[in-house]
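Okay, so here's the structure we're looking at.
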Amino acid sequence: MKKLTLLGDITPAQFLRDYWHKKPLLIRQAIPGFKPLLPLTALAELAKLNHVESRLITQVDGEWNMQHGPIEALPAATQKAWTMLVQGANLYDKKADALLREFRFIPDARLDDLMISYATDGGGVGPHFDSYDVFLLQAHGKRRWRIGAQKDLSLVEGLPLKILKNFKPQEEFVLEPGDMLYLPPHYAHDGVAEGECMTYSIGFRSPSYQELGEAFLQFMCDSIDLPGRYADPELDVAKNPAEIPKHMLATITEEMNKVRFTEEDVTIFVGEHLSEPKHNVFFTGPAKPLTMGRFAETVAKRGVVLSLKSQMLYRGKHVFINGESFAVGRADKVLLDTLANERVLTGTLVAGASDDVMEALYTWYQDGWVELA
Ligand code: SIN
Ligand code: CO
């Protein structure tokens, strides 16, 4: 891969100030000379796997069809207007991961995945909008994008995919390999392949407050502490036995109001929640793991690297990896923050690790969360 200009002439800070969540940005030759990171055959192999999220969309006589993966066989290359989309390519391919991580001027907690689409001439997913920001990087062939800032986001009913009822494009661009288009959330767009093409979507993650709230209540289940049990030593004779006593409700309300959460509870919840692997992500540890002693010797030379599937975050004294949280001391923090930011630790750094960190690294190695560098 040649040197990335990625945002053209503007800096990440300018991009975030002027475009992010605000307006589209077309960057010609964001990655000069960009070539697909994996060939169609490799993409088709990924789409065959159970745990890889993929879709096949075809248009036959103007009718939209969608099939969820695994995709056993693709339509003929000569058949027009079909597209295959493979989500999370970064979880399975080092180069795809490296591309996604070029976008780390946006924090990991907001980065989602790299989706790769392949389409034959005329193929696309139709005019739609997404709830998330997206960078659409043209990887191979040409795609014509029509985009618009319309307010009317009503969808055609009864279709297997989201298609805008009244698409009113305002701008049109043909993207060639290396060109990239940024779109803010809810911006209407339609990309149609001109000849066969591949497009890479760098996607972001913005959890809904409802999702967070539900998960937070579950999280809090494990930590609320409400001692005592309802009692009514002053109980009056029940006039209407089926009626819940007023005193009972008042007392319970008072007790329930004692449920409290601190900023630290929220920090731990957010870190665990956002580092939780997606439901279809499975880790495989080494078939023949080294013993702890051999592991320590080896990593002190070679270092360790986070698995492509590992999500590691931190805040304050808390470190989060794949849904688990750890409160760690100052010295260990420096090392673990480095691992989270760099996604690798050199042998020299590992050699200076405390016993606690070494033990954690060894467990993570056995679980497939980190690997020998
Ligand atoms: C595609 O790659 O065909 C679709 C990407 C998108 O519109 O979000
Ligand atoms: Co889209």
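Following the order of the structure tokens, first chain is A, next is B, and so on, with residues numbered from 1 inside each chain and ligands from 1 in the order they appear.
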(request) Please run DSSP on the backbone and report, as a list in words, all residues within segment 130-187 of chain A that come out as strand (DSSP E or B). (result)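 Put together, the selection reads Val134, Phe135, Leu136, Leu137, Gln138, Ala139, His140, Gly141, Lys142, Arg143, Arg144, Trp145, Arg146, Ile147, Gly148, Leu155, Leu164, Glu171, Glu172, Phe173, Val174, Leu175, Met180, Leu181, Tyr182 and Leu183 of chain A.
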Restricting it to N, CA, C and O atoms, dump the selection as a short mmCIF file (atom, residue, chain, number, x, y, z; two decimals), in the first residue's frame.
data_model
loop_
_atom_site.label_atom_id
_atom_site.label_comp_id
_atom_site.auth_asym_id
_atom_site.auth_seq_id
_atom_site.Cartn_x
_atom_site.Cartn_y
_atom_site.Cartn_z
N VAL A 134 -20.09 6.73 7.39
CA VAL A 134 -19.39 5.71 6.60
C VAL A 134 -18.39 6.37 5.65
O VAL A 134 -18.63 7.46 5.14
N PHE A 135 -17.25 5.71 5.49
CA PHE A 135 -16.31 6.06 4.42
C PHE A 135 -16.44 4.97 3.37
O PHE A 135 -16.30 3.79 3.69
N LEU A 136 -16.70 5.38 2.12
CA LEU A 136 -16.85 4.42 1.04
C LEU A 136 -15.62 4.53 0.14
O LEU A 136 -15.46 5.52 -0.58
N LEU A 137 -14.78 3.55 0.25
CA LEU A 137 -13.52 3.57 -0.49
C LEU A 137 -13.64 2.66 -1.70
O LEU A 137 -13.96 1.47 -1.56
N GLN A 138 -13.42 3.23 -2.87
CA GLN A 138 -13.50 2.40 -4.07
C GLN A 138 -12.22 1.57 -4.18
O GLN A 138 -11.12 2.12 -4.08
N ALA A 139 -12.39 0.26 -4.31
CA ALA A 139 -11.20 -0.61 -4.29
C ALA A 139 -10.87 -1.18 -5.67
O ALA A 139 -9.72 -1.48 -5.96
N HIS A 140 -11.91 -1.32 -6.49
CA HIS A 140 -11.69 -1.95 -7.79
C HIS A 140 -12.84 -1.53 -8.70
O HIS A 140 -13.99 -1.49 -8.28
N GLY A 141 -12.53 -1.21 -9.96
CA GLY A 141 -13.57 -0.81 -10.91
C GLY A 141 -14.20 0.52 -10.50
O GLY A 141 -13.69 1.22 -9.62
N LYS A 142 -15.34 0.80 -11.16
CA LYS A 142 -15.97 2.11 -10.90
C LYS A 142 -17.35 1.94 -10.29
O LYS A 142 -18.08 1.01 -10.62
N ARG A 143 -17.71 2.92 -9.44
CA ARG A 143 -19.07 2.95 -8.92
C ARG A 143 -19.59 4.38 -9.00
O ARG A 143 -18.89 5.33 -8.64
N ARG A 144 -20.81 4.50 -9.50
CA ARG A 144 -21.44 5.83 -9.58
C ARG A 144 -22.28 6.04 -8.32
O ARG A 144 -23.19 5.27 -8.04
N TRP A 145 -21.93 7.07 -7.56
CA TRP A 145 -22.69 7.40 -6.35
C TRP A 145 -23.56 8.60 -6.63
O TRP A 145 -23.12 9.60 -7.18
N ARG A 146 -24.81 8.48 -6.23
CA ARG A 146 -25.71 9.64 -6.25
C ARG A 146 -26.11 9.84 -4.79
O ARG A 146 -26.47 8.87 -4.10
N ILE A 147 -26.01 11.08 -4.33
CA ILE A 147 -26.27 11.32 -2.91
C ILE A 147 -27.16 12.55 -2.73
O ILE A 147 -27.22 13.42 -3.60
N GLY A 148 -27.84 12.62 -1.60
CA GLY A 148 -28.72 13.76 -1.34
C GLY A 148 -29.01 13.92 0.14
O GLY A 148 -29.02 12.94 0.89
N LEU A 155 -39.41 4.68 3.67
CA LEU A 155 -38.91 3.52 2.93
C LEU A 155 -40.05 2.81 2.21
O LEU A 155 -41.20 2.86 2.66
N LEU A 164 -35.27 3.71 -0.23
CA LEU A 164 -35.99 4.98 -0.06
C LEU A 164 -37.14 5.08 -1.05
O LEU A 164 -36.99 4.75 -2.24
N GLU A 171 -26.25 15.28 -5.87
CA GLU A 171 -24.89 15.26 -6.43
C GLU A 171 -24.59 13.87 -6.96
O GLU A 171 -25.17 12.89 -6.50
N GLU A 172 -23.64 13.80 -7.85
CA GLU A 172 -23.31 12.53 -8.48
C GLU A 172 -21.81 12.46 -8.71
O GLU A 172 -21.21 13.42 -9.17
N PHE A 173 -21.20 11.35 -8.35
CA PHE A 173 -19.75 11.18 -8.56
C PHE A 173 -19.49 9.76 -9.02
O PHE A 173 -20.12 8.83 -8.52
N VAL A 174 -18.52 9.63 -9.91
CA VAL A 174 -18.06 8.28 -10.24
C VAL A 174 -16.73 8.08 -9.51
O VAL A 174 -15.80 8.86 -9.69
N LEU A 175 -16.68 7.05 -8.66
CA LEU A 175 -15.46 6.79 -7.90
C LEU A 175 -14.62 5.72 -8.59
O LEU A 175 -15.15 4.71 -9.05
N MET A 180 -12.46 8.07 -2.34
CA MET A 180 -13.25 7.77 -1.15
C MET A 180 -14.29 8.84 -0.89
O MET A 180 -14.04 10.02 -1.10
N LEU A 181 -15.45 8.39 -0.48
CA LEU A 181 -16.57 9.30 -0.19
C LEU A 181 -16.98 9.12 1.26
O LEU A 181 -17.26 7.99 1.69
N TYR A 182 -17.00 10.21 2.01
CA TYR A 182 -17.50 10.15 3.39
C TYR A 182 -18.95 10.61 3.40
O TYR A 182 -19.29 11.63 2.78
N LEU A 183 -19.80 9.87 4.09
CA LEU A 183 -21.19 10.30 4.25
C LEU A 183 -21.57 10.32 5.72
O LEU A 183 -21.28 9.37 6.46
#
(request) Enumerate as number ranges by chain the residues within 8 Å of ligand 1, counting only C-alpha atoms and all ligand atoms. (result) A: 83, 85, 115-119, 123-130, 134, 136, 189-192, 198-201
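One distance worth recording is that between atom CA of Pro169 of chain A and atom CA of Ala13 of chain A, which is 28.5 Å.
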(message) Which residues are close to Glu276 of chain A, i.e. within 8 Å by only C-alpha atoms, leaving aside same-chain residues fewer than 5 positions away? Reply as a PyMOL selection string.
(response) chain A and resi 311+321-324
How about saving the chosen residues, all heavy atoms kept, as a compact mmCIF listing (two decimals), in the first residue's frame?
# COMPACT_ATOMS: atom_id res chain seq x y z
N GLN A 311 -10.84 -6.57 21.01
CA GLN A 311 -11.10 -5.15 21.22
C GLN A 311 -10.58 -4.81 22.62
O GLN A 311 -11.01 -5.40 23.61
CB GLN A 311 -12.62 -4.89 21.12
CG GLN A 311 -13.06 -3.50 21.55
CD GLN A 311 -12.99 -2.46 20.44
OE1 GLN A 311 -11.98 -2.33 19.75
NE2 GLN A 311 -14.06 -1.71 20.24
N ILE A 321 -10.89 -5.72 27.95
CA ILE A 321 -10.55 -6.51 26.77
C ILE A 321 -11.65 -7.55 26.58
O ILE A 321 -12.02 -8.26 27.52
CB ILE A 321 -9.13 -7.13 26.88
CG1 ILE A 321 -8.84 -7.99 25.64
CG2 ILE A 321 -8.90 -7.91 28.15
CD1 ILE A 321 -7.37 -8.37 25.46
N ASN A 322 -12.22 -7.54 25.39
CA ASN A 322 -13.24 -8.52 25.00
C ASN A 322 -14.32 -8.73 26.07
O ASN A 322 -14.67 -9.85 26.41
CB ASN A 322 -12.57 -9.84 24.62
CG ASN A 322 -11.61 -9.65 23.45
OD1 ASN A 322 -11.81 -8.76 22.62
ND2 ASN A 322 -10.57 -10.44 23.38
N GLY A 323 -14.82 -7.63 26.59
CA GLY A 323 -15.95 -7.71 27.52
C GLY A 323 -15.57 -7.87 28.97
O GLY A 323 -16.44 -7.90 29.83
N GLU A 324 -14.27 -8.02 29.26
CA GLU A 324 -13.84 -8.15 30.66
C GLU A 324 -13.13 -6.89 31.11
O GLU A 324 -12.49 -6.22 30.31
CB GLU A 324 -12.91 -9.35 30.82
CG GLU A 324 -13.66 -10.65 30.63
CD GLU A 324 -12.84 -11.85 31.02
OE1 GLU A 324 -11.73 -11.71 31.56
OE2 GLU A 324 -13.34 -12.96 30.76
(request) Excluding segment 338-341 of chain A and residues on its chain fewer than 4 positions from it, collect all residues at most 9 Å away from it, counting only C-alpha atoms, and give them as number ranges by chain. (result) A: 304-306, 311-314, 319, 321, 333-334, 345
(request) May I have the residues within 12 Å of segment 269-272 of chain A as a PyMOL selection string, using only C-alpha atoms and disregarding those fewer than 2 positions away in the same chain? (result) chain A and resi 108-110+207+209+211-223+261-267+274-277+311-327
(request) Fewer than 5 positions away in the same chain doesn't count, so skip those; otherwise give me all residues within 6 Å of Leu114 of chain A, counting only C-alpha atoms, as a list in words. (result)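 These residues fall inside the cut-off: Gly88, Ala89, Asn90, Ser201 and Ile202 of chain A.
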(message) Taking only C-alpha atoms and all ligand atoms into account, name the residue in A:His186, A:Arg104, A:Lys165, A:His68 that is nearest to ligand 2.
(response)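 Smallest separation from ligand 2 among the options: A:His186.
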(message) Could you tell me how far atom CA of Ser307 of chain A sits from atom CA of Gly368 of chain A, in Å to one decimal place?
(response) 6.9 Å
(message) Counting only C-alpha atoms and all ligand atoms, which residue out of A:Leu91, A:Leu100, A:Ile163, A:Leu49 sits closest to ligand 2?
(response) A:Ile163
(message) Would you pick out the contacts of Met256 of chain A at 12 Å or less, using only C-alpha atoms, so that residues sharing its chain but fewer than 3 positions from it are not included, and give the list as a list in words?
(response) Ile224, Asp225, Leu226, Pro227, Gly228, Arg229, Tyr230, Leu249, Ala250, Thr251, Ile252, Thr253, Val259 and Arg260 of chain A
Next, write the just-selected residues to a file, as a tab-separated table (two decimals), in the first residue's frame, keeping N, CA, C and O atoms as the atom set.
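As written to disk, selection.tsv reads:
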chain	number	residue	atom	x	y	z
A	224	ILE	N	-25.88	-4.08	42.40
A	224	ILE	CA	-26.71	-3.38	43.38
A	224	ILE	C	-26.72	-4.14	44.69
A	224	ILE	O	-26.59	-5.37	44.72
A	225	ASP	N	-26.83	-3.39	45.76
A	225	ASP	CA	-26.77	-3.98	47.08
A	225	ASP	C	-27.87	-3.33	47.91
A	225	ASP	O	-27.73	-2.18	48.32
A	226	LEU	N	-28.96	-4.04	48.10
A	226	LEU	CA	-30.09	-3.49	48.85
A	226	LEU	C	-30.39	-4.41	50.03
A	226	LEU	O	-31.19	-5.35	49.91
A	227	PRO	N	-29.76	-4.16	51.17
A	227	PRO	CA	-29.97	-5.06	52.31
A	227	PRO	C	-31.38	-4.90	52.88
A	227	PRO	O	-32.06	-3.91	52.61
A	228	GLY	N	-31.81	-5.87	53.65
A	228	GLY	CA	-33.10	-5.79	54.34
A	228	GLY	C	-34.21	-6.43	53.52
A	228	GLY	O	-34.01	-6.84	52.38
A	229	ARG	N	-35.36	-6.50	54.15
A	229	ARG	CA	-36.51	-7.15	53.55
A	229	ARG	C	-37.75	-6.37	53.99
A	229	ARG	O	-37.76	-5.79	55.07
A	230	TYR	N	-38.75	-6.34	53.20
A	230	TYR	CA	-39.96	-5.59	53.53
A	230	TYR	C	-40.56	-6.07	54.85
A	230	TYR	O	-40.65	-7.27	55.09
A	249	LEU	N	-46.31	0.35	49.18
A	249	LEU	CA	-45.76	1.00	47.97
A	249	LEU	C	-44.77	2.10	48.34
A	249	LEU	O	-43.70	2.20	47.74
A	250	ALA	N	-45.14	2.88	49.34
A	250	ALA	CA	-44.26	3.99	49.73
A	250	ALA	C	-42.91	3.46	50.21
A	250	ALA	O	-41.85	3.98	49.83
A	251	THR	N	-42.95	2.41	51.01
A	251	THR	CA	-41.70	1.85	51.54
A	251	THR	C	-40.85	1.27	50.41
A	251	THR	O	-39.63	1.50	50.34
A	252	ILE	N	-41.48	0.55	49.51
A	252	ILE	CA	-40.71	-0.07	48.41
A	252	ILE	C	-40.13	1.02	47.50
A	252	ILE	O	-38.97	0.94	47.08
A	253	THR	N	-40.92	2.05	47.24
A	253	THR	CA	-40.42	3.15	46.40
A	253	THR	C	-39.17	3.76	47.04
A	253	THR	O	-38.15	3.99	46.37
A	259	VAL	N	-31.23	2.69	44.76
A	259	VAL	CA	-30.37	2.17	43.68
A	259	VAL	C	-29.60	3.36	43.12
A	259	VAL	O	-30.19	4.33	42.65
A	260	ARG	N	-28.30	3.29	43.22
A	260	ARG	CA	-27.46	4.40	42.79
A	260	ARG	C	-26.38	3.85	41.87
A	260	ARG	O	-25.99	2.70	41.97
(request) Go ahead and compute the interatomic distance for atom CA of Lys48 of chain A and atom CA of His279 of chain A, in Å to one decimal. (result) 17.6 Å
(message) Considering only C-alpha atoms and all ligand atoms, can you say which of A:Ile31, A:Ile106, A:Ile71, A:Leu161 comes closest to ligand 2?
(response)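 Smallest separation from ligand 2 among the options: A:Leu161.
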(request) Tell me which of A:Ala353, A:Leu111, A:Ala188, A:Leu25 sits closest to ligand 2, counting only C-alpha atoms and all ligand atoms. (result)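 Under the stated criterion, the closest residue is A:Ala188.
Distance check against ligand 2 using only C-alpha atoms and all ligand atoms: of A:Pro241, A:Pro233, A:Pro184, A:Gly285, the minimum falls on A:Pro184.
For the choices A:Ile10, A:Val357, A:Leu99, A:Ala44, the atom-to-atom distance to Gly203 of chain A is smallest for A:Leu99 when using only C-alpha atoms.
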(message) Give me, as a ChimeraX atom specification, the residues of segment 288-318 of chain A that a backbone DSSP run labels alpha helix (DSSP H).
(response) /A:292-302
